[in-house]
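Enquirer: Sharing a structure, written as structure tokens. Questions coming.
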Amino acid sequence: MWIFPGGGFNIIESGFANMDPLFVVAPWVFLFLIPAVTMKMFAEEHRSGTIEILLTQPISDLQIVLAKFFSAVILVVIALLPTSIYYISIYQLANPVGNIDTAGIVGSYIGLIFLCSGFASIGVFASALTSNQIVSFILAVILSFFFYSGFEFLAAIISNPVAGNLLAGLGISNHYASLSRGVIDTRDVVYFISLTLLFVFSTRFILEKRKW
């Protein structure tokens, strides 16, 4: 946003007081950062054998999964906090000072948090599937990429526009793009909550399956 020239991402060169470059690049950073955060969560437990101890504690499988999930989300949100410096900088650089779409930026941050929750739930699910951290990381990246861009790609190669729109609506990118414009639409919120719950309960199912 501040160093690399060209490409339309440099705020100083663009002359516009907005944080759009951050919200465009962040999903691609999250695509690798969040799987790196979640890859050990269950994979390491499986490898070291501590998963058996964990599952025999007086807590439910869902509580275990939620604890892992929320720890990943909180860690990524903490990593986002320093980006508030960008907002302060752009606020001061605007002409006149403060001429910036604060509501839009807040909405975009909410979109990032929802995106984080979706990727974190996918990462925790991938970690529960294997005892190898590298496999967990790669699987989480592939699944996250598919849910972010895969449906959009499939929609583009379908000739039927109605089916294409329905398919695109299943992808994360379509809903994140709406939220990143600062528009908090109920449909987008419901989508991210549904996606998160899908993978949280799928992870719970994987854990319960070990007891059969």
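Going through the structure tokens in order, the chains are called A, B, and so on, while each chain numbers its residues from 1 and the ligands are numbered from 1 in the order shown.
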Please provide as a list in words all residues within 6 Å of segment 122-126 of chain A, with the sequence filter that same-chain residues fewer than 2 positions apart are discarded (counting only C-alpha atoms).

Expert: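 Those residues are Pro35, Thr38, Phe119, Ala120, Ala128, Leu129, Ser136, Ala140, Phe199 and Thr203 of chain A.
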
Enquirer: Could you write those residues out with N, CA and C atoms, as a PDB file, in the first residue's frame?

Expert:
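Done, and the output landed in result-v7.pdb:
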```pdb
ATOM      1  N   PRO A  35      -4.338 -20.937   6.931  1.00  0.00           N
ATOM      2  CA  PRO A  35      -3.943 -22.357   6.965  1.00  0.00           C
ATOM      3  C   PRO A  35      -2.662 -22.596   7.751  1.00  0.00           C
ATOM      4  N   THR A  38      -3.750 -22.646  11.392  1.00  0.00           N
ATOM      5  CA  THR A  38      -4.607 -23.774  11.799  1.00  0.00           C
ATOM      6  C   THR A  38      -3.999 -25.149  11.549  1.00  0.00           C
ATOM      7  N   PHE A 119     -12.349 -18.980   6.474  1.00  0.00           N
ATOM      8  CA  PHE A 119     -11.075 -19.651   6.215  1.00  0.00           C
ATOM      9  C   PHE A 119     -10.598 -20.432   7.441  1.00  0.00           C
ATOM     10  N   ALA A 120     -10.833 -19.882   8.645  1.00  0.00           N
ATOM     11  CA  ALA A 120     -10.401 -20.567   9.871  1.00  0.00           C
ATOM     12  C   ALA A 120     -11.164 -21.869  10.063  1.00  0.00           C
ATOM     13  N   ALA A 128      -8.117 -31.533  11.070  1.00  0.00           N
ATOM     14  CA  ALA A 128      -8.718 -32.704  11.723  1.00  0.00           C
ATOM     15  C   ALA A 128      -8.655 -33.946  10.841  1.00  0.00           C
ATOM     16  N   LEU A 129      -8.384 -33.751   9.548  1.00  0.00           N
ATOM     17  CA  LEU A 129      -8.404 -34.868   8.609  1.00  0.00           C
ATOM     18  C   LEU A 129      -7.101 -35.654   8.560  1.00  0.00           C
ATOM     19  N   SER A 136      -2.080 -30.905   5.968  1.00  0.00           N
ATOM     20  CA  SER A 136      -3.166 -30.074   6.496  1.00  0.00           C
ATOM     21  C   SER A 136      -3.121 -28.681   5.882  1.00  0.00           C
ATOM     22  N   ALA A 140      -5.926 -27.205   3.332  1.00  0.00           N
ATOM     23  CA  ALA A 140      -6.661 -25.997   3.727  1.00  0.00           C
ATOM     24  C   ALA A 140      -6.543 -24.909   2.658  1.00  0.00           C
ATOM     25  N   PHE A 199     -18.375 -26.147   8.295  1.00  0.00           N
ATOM     26  CA  PHE A 199     -17.068 -26.755   8.537  1.00  0.00           C
ATOM     27  C   PHE A 199     -16.813 -27.021  10.015  1.00  0.00           C
ATOM     28  N   THR A 203     -16.043 -30.755  11.231  1.00  0.00           N
ATOM     29  CA  THR A 203     -14.884 -31.088  12.068  1.00  0.00           C
ATOM     30  C   THR A 203     -15.326 -31.887  13.285  1.00  0.00           C
TER      31      THR A 203
END
```

Enquirer: With distances taken over only C-alpha atoms, which residue among A:Ala67, A:Phe9, A:Asn99, A:Phe201 lies nearest Val25 of chain A?

Expert: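 With only C-alpha atoms as the atom set, the closest residue is A:Phe9.
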
Enquirer: Which residue is closest to Ile105 of chain A? Choose from A:Ile88, A:Ile78, A:Leu170, A:Leu93 and count only C-alpha atoms.

Expert: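 Checking each of A:Ile88, A:Ile78, A:Leu170, A:Leu93 against Ile105 of chain A, counting only C-alpha atoms, the winner is A:Ile88.
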
Enquirer: In Å to one decimal, how far is atom CA of Phe114 of chain A from atom CA of Met41 of chain A?

Expert: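 One can read the atom CA of Met41 of chain A to atom CA of Phe114 of chain A distance as 20.2 Å.
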
Enquirer: Could you name the residues that touch segment 174-184 of chain A at 8 Å or less, counting only C-alpha atoms, but leaving out those on the same chain fewer than 6 positions away, as a PyMOL selection string?

Expert: chain A and resi 23+103-112+115+152+168+191

Enquirer: Where does DSSP see alpha helix (DSSP H) in segment 1-111 of chain A, if you list the residues as a ChimeraX atom specification?

Expert: /A:11-14,20-38,43-48,50-55,61-80,84-93,102-111

Enquirer: With 9 Å as the cut-off and only C-alpha atoms counted, what is the closest atom pair between each nearby residue of segment 21-135 of chain A and segment 1-5 of chain A? Distances in Å to one decimal, ordered by chain and number, as CSV.

Expert:
```
residue,atom,partner,partner_atom,distance
A:Pro21,CA,A:Met1,CA,6.3
A:Leu22,CA,A:Met1,CA,7.0
A:Tyr86,CA,A:Met1,CA,9.0
```

Enquirer: Determine, counting only C-alpha atoms, which protein, DNA and RNA residues have an atom within 8 Å of an atom of Phe147 of chain A; residues of the same chain fewer than 5 positions away are not included. Present the result as a PyMOL selection string.

Expert: chain A and resi 170-173

Enquirer: Write to file, as an mmCIF file, in the first residue's frame, the residues of the selection just made, with C-alpha atoms.

Expert:
```
data_model
loop_
_atom_site.group_PDB
_atom_site.id
_atom_site.type_symbol
_atom_site.label_atom_id
_atom_site.label_comp_id
_atom_site.auth_asym_id
_atom_site.auth_seq_id
_atom_site.Cartn_x
_atom_site.Cartn_y
_atom_site.Cartn_z
ATOM 1 C CA LEU A 170 -21.944 -20.328 -3.488
ATOM 2 C CA GLY A 171 -18.441 -18.835 -3.549
ATOM 3 C CA ILE A 172 -16.838 -16.631 -0.922
ATOM 4 C CA SER A 173 -15.540 -14.032 -3.393
#
```

Enquirer: How far is it from atom CA of Ile34 of chain A to atom CA of Phe69 of chain A, in Å with one decimal?

Expert: 10.8 Å

Enquirer: Quote the spacing between atom CA of His46 of chain A and atom CA of Phe146 of chain A in Å to one decimal place.

Expert: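 Pair atom CA of His46 of chain A / atom CA of Phe146 of chain A returns 25.8 Å.
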
Enquirer: From the list A:Leu54, A:Ile113, A:Ala43, A:Ile100, which residue is nearest Leu75 of chain A when using only C-alpha atoms?

Expert: A:Ile113
